[in-house]
Amino acid sequence: MQASPLAHHFESLEKQAHAARLGMWLFLATEVLLFTALFAAYGVYRFLYPEGFAQSSRSIETWIGFVNTLVLVTSSFTVAMGLDAAVKGNGRRTALLFAASVGLALVFLGFKAIEYAHHFQEGQLPGRYYTFEGVQAPGASLYFSLYFLITGLHAIHVIIGMSALAIVGALAWRGRFTGEYHIPVELAGLYWHLVDLVWIFVFPLIYLI
Amino acid sequence: MSPSSAPVSEVPAYNPRNYLNSPATGLRSWLTTRDHKRIGVMFLVATTFFFAVGGLFAMLIRIELLTPGPTIVDAMTYNRLFTLHGVVMIFLFMIPAIPSGFGNFLLPIMLGARDVAFPRLNLLSFYVYLLGATIALWGMIHGGADTGWTFYTPYSTQTVTKVVPILLGAFILGFSSILTGLNFIVTTHTLRAPGMTWTRMPLFIWSIYATSVIQILATPVLGMTLLLVAIENAFGWGIFDPARGGDPVLFQHFFWFYSHPAVYIMVLPAMAVISEVVCTFSHKNIFGYNAVAYSSLGIAFVGFFTWGHHLFTSGQSAFDAGIFGVLSMFVGIFTAIKVFNWTATLYKGSISFKTPFAYFVGFLFFLVFGGMTGIALATVSLDVHWQDTYFVVAHFHFIMVGATIMAFLAALHYWFPKITGRTYPEGWGLVGATLVILGFNFTFIPQFLLGNEGMPRRYYAYPERFWPLNVASTAGASVLAFGLVLILVYLLVSLRSGPVAGPNPWHSRGFEWFVPSPPPPENWEVTPVITHPPHDYHHAGEAPPGGVEPEPRHAS
Amino acid sequence: MNELMRRVLFLPEQASEYARGVDRLHFFVILTTMVAATGVFGTALYFFVRYRRRSDTDVTPHVTPRPIHEILFIGGPLTLFLVWFAIGFPQYVSLQTPPKDAMDVYVQGKKWMWKFAYPGGPSAVDTLRVPAGRPVRLLITSRDVIHSFFVPALRVKQDALPGRYTETWFDADRPGRYQIFCAEFCGIGHSSMLGEVVVMPAEEFDAWIADQRKGLTRAQDAAPAPGEPVRAASSVVDEGRRIAAEQGCLKCHSIDGSPHIGPTWLNLYLRHEKLKDGRTVVADEGYLTKSMMDPGADIVAGYQNVMPTFQGKLAPPEAAAVVEYIKSLQTAAGVSGPSEPPIYEPVKRPRQ
């Protein structure tokens, strides 16, 4: 950012904020479509191999997914609180709440890592690496291909979102945002909500049904 | 509209303080620039380079097909050649050329803005393009791919060639495309000059806007699909592998969900250019502004629901084929609306047959025949015969390549004075246009007939009865190549030594012609106030917006 | 008229009623396209002349369309397109619904040949014999990648997908020989994956298939390859030659010394082959058998790993017969020291 947050080609800060918000929403649309392709593949193969998918879904630990859902929803809540603090001009409070969100994201990734380690031990792996004895129905290896693609892509998004929150939080701590200018806080928050929202779709697809 | 206060004599013909020399010259100032005009020019140079690379591959293919058997290369090399020809031309030339090149240069100027909404993202888009191109080029040099640009599974997941870097390159190029599209949409929404309502926007912007919508909505799906193929090829995760329960036809659905709209990513910008050219060279407002504007959005929308017409012979149900067939007709309708409106624009106009207009004529020809053959392909039963033959090759070269190249060359000539401040030689321009249009027809009309006769595409060797038409096609391609080289030569010469153009050599009333040539870094000295749509030739004589009088208009 | 249009448009002969129907639509489409295009270009041309620029200062009127113009612009082409569709779509539906009494033939595409199998009857490679005037349903699948079964003369095309069956049908009414192409790109042999539909008069076909079923003329389609050095013509060698032709080995392996998609069989026996990974092997019986069953194990330098496995496709005596056949392909100068590493040469011109 330059000394003044207003770029030369915008007439007002308000319009610039509008542009930034619009750009972020469009970007989020592309992110949604990225996941949509995987969800569509999931839908097709679930239709083709209902038994293999149902059995595989039952073979993984639902409680981890459930706890992770709670963790992510809570982190979304703290992010929203952080944005509220930023609107009120309280940068320090924003930074602390964002730090809490980053902490929760780490917890999420920790659980994910435990889960992945378990899959590796059991041989619940994609495609030709699948050696799990528990489920032999056709389509089980495809389930795990999609499982790793979807949760892996989501985990990458968690890491990106976490980094964005950390950077914006640090800037907020240093008092770079004001009640009038806090667009980066808002955008980072939007991104984090998307990461959360995607998980809300992933959780029932992967763990519940 | 306030009358201009600047006396005519104070406007220099060649704008001394322009985006080319200020704020600074030198490589570094270009590589770190955030000026949309410089980024546009860099895109133009890069895409033209890849056009030449793709054209070289095309010539090698045509030479190979000069005789029924082996001619200059072996089968494996030939398969790589046509794959690389497709990949380079589509991902590195046609998709970025007009939107990222001319769109970048012109969109903010036409909107009366100083820059795009996110200048840094714009520069990033260019570097992402370079990165993707570099990875793809690396793959080409280290073995290339032999799958065809469509990467059909399971062939693409089993091939031993370097398909992974090329897929990754295309994946990365998708991000460049997304960034540009996102930037254009936001710019159009937030940076229109005062008085620039949606229905006063130049039609160029309407089409580019529709293109951007497709870029944003379709590219992520392609990105994911290409990534899945790459993962499958490298690690065997089985998503598209029938041996592991995967469905290879699912790939075709995913692929065409992007790649059919992608055809409109190539054609819509061409239509954008043509809407400007036809107005300027007939000195007429467009006939049916709303129809042309909304049909662009219509194409973008319907284009998402026609992908299944690529799968008529893949074992699709008759019901699906019927739905996709009818929906494909609607894209034809929207295109027909445009064709009729462009033609009607000429009515009571003042037509000046300059080089860009010659390309408009060529464009109309390719669009009509390319479009009609497209509808013929959507009649389902004819498609069964034509699918994967040279008829399809000729059809999409007409509609997507012919139309795009015509528009690209029209744009290059039409805006050459604006971009460089100089003019090209008109006589050579017409010679070049004639050669290119004739050459293109001689290349692809024989291919329509070859397809009728039943010659499948991607054939390295062919039975002798296809020989004469293949020779004709290769001869046509040589004329086409010669014409393109000629154009490149005279444009390069004009770059240094062309006569100075002045701000508005075409006496156009498109908004971009009211800024000096080449434009200053801030585009408009004062933010213009728009009171009329562009190309309001019945207002000739009145001052344009922005307070810069282009040129003395003789009182009539 | 039909014949004239067919020749003008370079269409192949029409071997079925379906093909003639499709061509009628084709002619209608082309003619209406030409009329419409002439209309547009004629109008444009008239405008070019009538409204050419007379001076740089021409002022033009502001013309805007009335709703009726746009309605015509939409309605005109829409009607035309829907008429095309209304003709074309029923044809497609009829192509998707084979008659119940159709004779079934199983078609299997694999790199790079077509295998045809008649229920309870013989099978053949690259030559599909069918009776004239009787509907034939094809059940198509693929062993490896996607292929596409295409017979221009019948205007019929259907993709061959691995892992599932697709179907199409035709009713050829003119005896003759019609070319089969593979229309979906499938690798270096794509353009040589050719075949032939032989439409026989119905009685001839009945006689032929009866013969086949009796096993009297099993080797009819396995034409002996020309230019082969004739040596020890024992019966095992003949059997091997027949199997090699039937299995399509000779599409990739030449027997005249020229390198093709795979190494030539001439003088192959006991040759010292240099492998891709640098090892050298002697092409003895063991190596030859292994290469049939596990072709990817020892790839000769300069060749691609493209050969399908014949594990389970060839009975042990059949594999042995093929080996005997390979052993018989020796010229006098054979078996003398290691051969030069073969240089990859492109596919030869396809036969007519």
# chains A, B, ... in the order shown; residues from 1 in each chain; ligands from 1

call {"tool": "select_by_dssp", "arguments": {"residues": "stretch 87-156 of chain B", "states": "helix (DSSP H, G or I)", "output": "number ranges by chain"}}
result
B: 87-111, 119-141, 155-156

call {"tool": "select_by_dssp", "arguments": {"residues": "stretch 89-292 of chain C", "states": "strand (DSSP E)", "output": "PyMOL selection string"}}
result
chain C and resi 103-110+113-117+123-125+127-131+136-142+147-151+156-160+166-170+176-182+195-200+272-274+280-282

call {"tool": "write_last_selection", "arguments": {"atoms": "C-alpha atoms", "output": "PDB file, in the first residue's frame"}}
result
ATOM      1  CA  MET C 103     -27.962 -59.543 -36.327  1.00  0.00           C
ATOM      2  CA  ASP C 104     -25.449 -58.815 -33.557  1.00  0.00           C
ATOM      3  CA  VAL C 105     -21.752 -58.402 -34.094  1.00  0.00           C
ATOM      4  CA  TYR C 106     -19.339 -57.639 -31.286  1.00  0.00           C
ATOM      5  CA  VAL C 107     -16.746 -55.068 -32.205  1.00  0.00           C
ATOM      6  CA  GLN C 108     -13.630 -54.554 -30.182  1.00  0.00           C
ATOM      7  CA  GLY C 109     -11.181 -51.790 -30.922  1.00  0.00           C
ATOM      8  CA  LYS C 110      -7.650 -52.064 -29.685  1.00  0.00           C
ATOM      9  CA  MET C 113      -7.026 -53.063 -35.096  1.00  0.00           C
ATOM     10  CA  TRP C 114     -10.673 -53.933 -35.139  1.00  0.00           C
ATOM     11  CA  LYS C 115     -11.840 -57.345 -33.956  1.00  0.00           C
ATOM     12  CA  PHE C 116     -15.241 -58.614 -34.956  1.00  0.00           C
ATOM     13  CA  ALA C 117     -16.959 -61.542 -33.322  1.00  0.00           C
ATOM     14  CA  SER C 123     -14.247 -63.899 -35.349  1.00  0.00           C
ATOM     15  CA  ALA C 124     -12.160 -61.817 -37.657  1.00  0.00           C
ATOM     16  CA  VAL C 125      -9.689 -58.975 -37.590  1.00  0.00           C
ATOM     17  CA  THR C 127     -12.800 -57.401 -41.984  1.00  0.00           C
ATOM     18  CA  LEU C 128     -16.457 -57.231 -41.065  1.00  0.00           C
ATOM     19  CA  ARG C 129     -18.618 -59.412 -43.301  1.00  0.00           C
ATOM     20  CA  VAL C 130     -22.288 -58.607 -43.239  1.00  0.00           C
ATOM     21  CA  PRO C 131     -25.291 -59.639 -45.324  1.00  0.00           C
ATOM     22  CA  VAL C 136     -26.760 -55.460 -38.296  1.00  0.00           C
ATOM     23  CA  ARG C 137     -26.333 -54.225 -34.760  1.00  0.00           C
ATOM     24  CA  LEU C 138     -22.799 -53.518 -33.587  1.00  0.00           C
ATOM     25  CA  LEU C 139     -21.941 -53.771 -29.909  1.00  0.00           C
ATOM     26  CA  ILE C 140     -18.763 -51.803 -29.623  1.00  0.00           C
ATOM     27  CA  THR C 141     -16.142 -51.671 -26.933  1.00  0.00           C
ATOM     28  CA  SER C 142     -12.460 -51.046 -26.581  1.00  0.00           C
ATOM     29  CA  HIS C 147     -11.457 -45.517 -30.535  1.00  0.00           C
ATOM     30  CA  SER C 148     -14.280 -44.644 -32.877  1.00  0.00           C
ATOM     31  CA  PHE C 149     -15.792 -47.000 -35.405  1.00  0.00           C
ATOM     32  CA  PHE C 150     -16.474 -45.017 -38.562  1.00  0.00           C
ATOM     33  CA  VAL C 151     -17.783 -46.186 -41.921  1.00  0.00           C
ATOM     34  CA  VAL C 156     -22.256 -44.302 -39.203  1.00  0.00           C
ATOM     35  CA  LYS C 157     -19.847 -43.575 -36.396  1.00  0.00           C
ATOM     36  CA  GLN C 158     -19.753 -44.738 -32.805  1.00  0.00           C
ATOM     37  CA  ASP C 159     -17.060 -44.353 -30.179  1.00  0.00           C
ATOM     38  CA  ALA C 160     -15.536 -47.509 -28.732  1.00  0.00           C
ATOM     39  CA  THR C 166     -21.973 -48.698 -27.041  1.00  0.00           C
ATOM     40  CA  GLU C 167     -24.170 -49.690 -29.914  1.00  0.00           C
ATOM     41  CA  THR C 168     -25.102 -48.599 -33.380  1.00  0.00           C
ATOM     42  CA  TRP C 169     -26.674 -50.316 -36.340  1.00  0.00           C
ATOM     43  CA  PHE C 170     -26.928 -50.184 -40.100  1.00  0.00           C
ATOM     44  CA  GLY C 176     -19.443 -54.028 -51.864  1.00  0.00           C
ATOM     45  CA  ARG C 177     -16.392 -53.242 -49.808  1.00  0.00           C
ATOM     46  CA  TYR C 178     -16.464 -50.126 -47.636  1.00  0.00           C
ATOM     47  CA  GLN C 179     -13.633 -48.685 -45.608  1.00  0.00           C
ATOM     48  CA  ILE C 180     -13.630 -48.555 -41.810  1.00  0.00           C
ATOM     49  CA  PHE C 181     -11.671 -45.789 -40.126  1.00  0.00           C
ATOM     50  CA  CYS C 182     -10.792 -45.137 -36.518  1.00  0.00           C
ATOM     51  CA  GLY C 195     -10.629 -52.058 -41.805  1.00  0.00           C
ATOM     52  CA  GLU C 196     -13.259 -53.039 -44.267  1.00  0.00           C
ATOM     53  CA  VAL C 197     -16.933 -53.762 -44.209  1.00  0.00           C
ATOM     54  CA  VAL C 198     -17.634 -56.450 -46.790  1.00  0.00           C
ATOM     55  CA  VAL C 199     -21.307 -56.399 -47.656  1.00  0.00           C
ATOM     56  CA  MET C 200     -22.181 -59.758 -49.243  1.00  0.00           C
ATOM     57  CA  HIS C 272      20.916 -59.983 -29.850  1.00  0.00           C
ATOM     58  CA  GLU C 273      18.467 -57.213 -29.044  1.00  0.00           C
ATOM     59  CA  LYS C 274      19.609 -54.082 -27.294  1.00  0.00           C
ATOM     60  CA  THR C 280      21.081 -56.947 -24.237  1.00  0.00           C
ATOM     61  CA  VAL C 281      19.012 -60.076 -24.572  1.00  0.00           C
ATOM     62  CA  VAL C 282      19.028 -62.965 -26.977  1.00  0.00           C
TER      63      VAL C 282
END

call {"tool": "interface_residues", "arguments": {"of": "chain B", "to": "chain C", "cutoff": "6 Å", "atoms": "only C-alpha atoms", "output": "PyMOL selection string"}}
result
chain B and resi 69+74-76+154-155+242+287-288+313-315+318+337+343+348-352+379-381+384-385+388+449+452-454+456+459-461+538

call {"tool": "write_last_selection", "arguments": {"atoms": "N, CA and C atoms", "output": "mmCIF file, in the first residue's frame"}}
result
data_model
loop_
_atom_site.group_PDB
_atom_site.id
_atom_site.type_symbol
_atom_site.label_atom_id
_atom_site.label_comp_id
_atom_site.auth_asym_id
_atom_site.auth_seq_id
_atom_site.Cartn_x
_atom_site.Cartn_y
_atom_site.Cartn_z
ATOM 1 N N GLY B 69 1.616 -40.778 -47.567
ATOM 2 C CA GLY B 69 2.425 -41.520 -46.598
ATOM 3 C C GLY B 69 3.302 -40.571 -45.810
ATOM 4 N N ASP B 74 8.044 -38.446 -38.675
ATOM 5 C CA ASP B 74 7.422 -39.735 -38.397
ATOM 6 C C ASP B 74 6.117 -39.531 -37.639
ATOM 7 N N ALA B 75 5.396 -40.624 -37.412
ATOM 8 C CA ALA B 75 4.050 -40.521 -36.852
ATOM 9 C C ALA B 75 4.064 -39.882 -35.479
ATOM 10 N N MET B 76 5.036 -40.252 -34.663
ATOM 11 C CA MET B 76 5.091 -39.717 -33.305
ATOM 12 C C MET B 76 5.296 -38.204 -33.340
ATOM 13 N N PRO B 154 -8.768 -42.261 -21.843
ATOM 14 C CA PRO B 154 -7.582 -42.622 -21.074
ATOM 15 C C PRO B 154 -6.275 -42.500 -21.867
ATOM 16 N N TYR B 155 -6.351 -42.039 -23.131
ATOM 17 C CA TYR B 155 -5.092 -41.953 -23.872
ATOM 18 C C TYR B 155 -4.111 -41.023 -23.162
ATOM 19 N N PRO B 242 -10.809 -46.373 -16.658
ATOM 20 C CA PRO B 242 -11.822 -47.422 -16.580
ATOM 21 C C PRO B 242 -11.338 -48.654 -15.821
ATOM 22 N N PHE B 287 -26.741 -0.559 -35.886
ATOM 23 C CA PHE B 287 -28.172 -0.824 -36.036
ATOM 24 C C PHE B 287 -28.536 -1.833 -34.941
ATOM 25 N N GLY B 288 -29.407 -1.459 -34.055
ATOM 26 C CA GLY B 288 -29.807 -2.411 -33.019
ATOM 27 C C GLY B 288 -28.755 -2.568 -31.930
ATOM 28 N N THR B 313 -21.384 -38.876 -30.471
ATOM 29 C CA THR B 313 -21.027 -40.254 -30.805
ATOM 30 C C THR B 313 -20.379 -40.971 -29.625
ATOM 31 N N SER B 314 -20.465 -40.387 -28.432
ATOM 32 C CA SER B 314 -19.811 -41.015 -27.285
ATOM 33 C C SER B 314 -20.749 -41.925 -26.509
ATOM 34 N N GLY B 315 -21.872 -42.270 -27.080
ATOM 35 C CA GLY B 315 -22.788 -43.135 -26.366
ATOM 36 C C GLY B 315 -23.765 -42.362 -25.503
ATOM 37 N N ALA B 318 -30.265 -40.400 -26.659
ATOM 38 C CA ALA B 318 -30.872 -39.560 -27.689
ATOM 39 C C ALA B 318 -31.509 -38.334 -27.061
ATOM 40 N N ILE B 337 -28.228 -12.792 -35.053
ATOM 41 C CA ILE B 337 -28.690 -11.433 -34.724
ATOM 42 C C ILE B 337 -27.573 -10.439 -34.976
ATOM 43 N N THR B 343 -24.751 -6.036 -40.756
ATOM 44 C CA THR B 343 -25.035 -5.760 -42.163
ATOM 45 C C THR B 343 -25.957 -4.554 -42.280
ATOM 46 N N LYS B 348 -27.428 3.183 -45.395
ATOM 47 C CA LYS B 348 -27.333 4.648 -45.342
ATOM 48 C C LYS B 348 -26.052 5.107 -44.658
ATOM 49 N N GLY B 349 -25.027 4.292 -44.707
ATOM 50 C CA GLY B 349 -23.766 4.692 -44.108
ATOM 51 C C GLY B 349 -22.892 5.410 -45.114
ATOM 52 N N SER B 350 -21.635 5.572 -44.740
ATOM 53 C CA SER B 350 -20.657 6.185 -45.636
ATOM 54 C C SER B 350 -19.438 5.267 -45.577
ATOM 55 N N ILE B 351 -19.427 4.301 -46.503
ATOM 56 C CA ILE B 351 -18.518 3.173 -46.334
ATOM 57 C C ILE B 351 -17.162 3.452 -46.958
ATOM 58 N N SER B 352 -16.134 3.287 -46.166
ATOM 59 C CA SER B 352 -14.777 3.508 -46.636
ATOM 60 C C SER B 352 -14.058 2.165 -46.597
ATOM 61 N N THR B 379 -27.293 -30.544 -35.946
ATOM 62 C CA THR B 379 -28.499 -31.278 -36.329
ATOM 63 C C THR B 379 -28.370 -32.768 -36.036
ATOM 64 N N VAL B 380 -27.392 -33.149 -35.293
ATOM 65 C CA VAL B 380 -27.202 -34.476 -34.714
ATOM 66 C C VAL B 380 -26.906 -35.566 -35.746
ATOM 67 N N SER B 381 -27.812 -35.815 -36.688
ATOM 68 C CA SER B 381 -27.539 -36.955 -37.568
ATOM 69 C C SER B 381 -26.383 -36.645 -38.505
ATOM 70 N N VAL B 384 -23.043 -37.180 -36.803
ATOM 71 C CA VAL B 384 -22.522 -38.537 -36.677
ATOM 72 C C VAL B 384 -21.536 -38.815 -37.815
ATOM 73 N N HIS B 385 -21.862 -38.319 -38.999
ATOM 74 C CA HIS B 385 -20.928 -38.514 -40.106
ATOM 75 C C HIS B 385 -19.708 -37.612 -39.973
ATOM 76 N N ASP B 388 -15.296 -35.734 -35.657
ATOM 77 C CA ASP B 388 -13.895 -36.164 -35.745
ATOM 78 C C ASP B 388 -13.386 -36.351 -37.165
ATOM 79 N N LEU B 449 -14.509 -30.456 -47.644
ATOM 80 C CA LEU B 449 -14.816 -31.538 -48.581
ATOM 81 C C LEU B 449 -14.164 -32.844 -48.138
ATOM 82 N N ASN B 452 -16.395 -34.333 -45.644
ATOM 83 C CA ASN B 452 -17.520 -34.985 -46.306
ATOM 84 C C ASN B 452 -17.118 -36.354 -46.828
ATOM 85 N N GLU B 453 -15.924 -36.390 -47.407
ATOM 86 C CA GLU B 453 -15.460 -37.638 -48.015
ATOM 87 C C GLU B 453 -15.139 -38.673 -46.944
ATOM 88 N N GLY B 454 -14.965 -38.233 -45.716
ATOM 89 C CA GLY B 454 -14.776 -39.176 -44.622
ATOM 90 C C GLY B 454 -13.376 -39.247 -44.057
ATOM 91 N N PRO B 456 -10.820 -38.873 -41.404
ATOM 92 C CA PRO B 456 -10.795 -38.500 -39.990
ATOM 93 C C PRO B 456 -9.648 -37.544 -39.695
ATOM 94 N N TYR B 459 -4.998 -37.737 -38.730
ATOM 95 C CA TYR B 459 -4.437 -38.858 -39.483
ATOM 96 C C TYR B 459 -3.066 -38.469 -40.010
ATOM 97 N N TYR B 460 -2.136 -39.340 -39.723
ATOM 98 C CA TYR B 460 -0.766 -39.107 -40.165
ATOM 99 C C TYR B 460 -0.615 -39.518 -41.624
ATOM 100 N N ALA B 461 -1.248 -40.621 -41.969
ATOM 101 C CA ALA B 461 -1.215 -41.118 -43.331
ATOM 102 C C ALA B 461 -2.660 -41.319 -43.759
ATOM 103 N N HIS B 538 -24.397 11.195 -36.447
ATOM 104 C CA HIS B 538 -25.321 12.286 -36.778
ATOM 105 C C HIS B 538 -24.995 13.534 -35.962
#

call {"tool": "residues_around", "arguments": {"residues": "A:Ala19", "least_positions_apart": "4", "cutoff": "10 Å", "atoms": "only C-alpha atoms", "output": "NGL selection string"}}
result
(:A and (10 or 13-15 or 23-25)) or (:B and (117-118 or 183 or 185-191))

call {"tool": "write_last_selection", "arguments": {"atoms": "C-alpha atoms", "output": "PDB file, in the first residue's frame"}}
result
ATOM      1  CA  PHE A  10     -10.224   5.852  -8.223  1.00  0.00           C
ATOM      2  CA  LEU A  13     -12.130   5.464  -1.183  1.00  0.00           C
ATOM      3  CA  GLU A  14     -15.690   4.262  -1.170  1.00  0.00           C
ATOM      4  CA  LYS A  15     -15.611   3.362  -4.843  1.00  0.00           C
ATOM      5  CA  GLY A  23     -13.326  -8.381  -7.180  1.00  0.00           C
ATOM      6  CA  MET A  24     -13.199 -10.586  -4.106  1.00  0.00           C
ATOM      7  CA  TRP A  25     -16.687 -11.933  -4.677  1.00  0.00           C
TER       8      TRP A  25
ATOM      9  CA  ALA B 117      -9.454  -1.465 -11.267  1.00  0.00           C
ATOM     10  CA  PHE B 118      -6.512  -3.610 -10.125  1.00  0.00           C
ATOM     11  CA  ASN B 183     -10.225  -7.136 -13.600  1.00  0.00           C
ATOM     12  CA  ILE B 185     -15.636  -7.000 -14.882  1.00  0.00           C
ATOM     13  CA  VAL B 186     -14.762  -4.926 -11.837  1.00  0.00           C
ATOM     14  CA  THR B 187     -13.440  -2.102 -14.012  1.00  0.00           C
ATOM     15  CA  THR B 188     -16.622  -2.033 -16.056  1.00  0.00           C
ATOM     16  CA  HIS B 189     -18.730  -1.929 -12.922  1.00  0.00           C
ATOM     17  CA  THR B 190     -16.810   0.683 -10.989  1.00  0.00           C
ATOM     18  CA  LEU B 191     -14.764   2.883 -13.304  1.00  0.00           C
TER      19      LEU B 191
END

call {"tool": "interface_residues", "arguments": {"of": "chain A", "to": "chain B", "cutoff": "9 Å", "atoms": "only C-alpha atoms", "output": "count of residues only"}}
result
40

call {"tool": "atom_distance", "arguments": {"atom1": "atom CA of B:Ala407", "atom2": "atom CA of B:Pro269"}}
result
8.1 Å
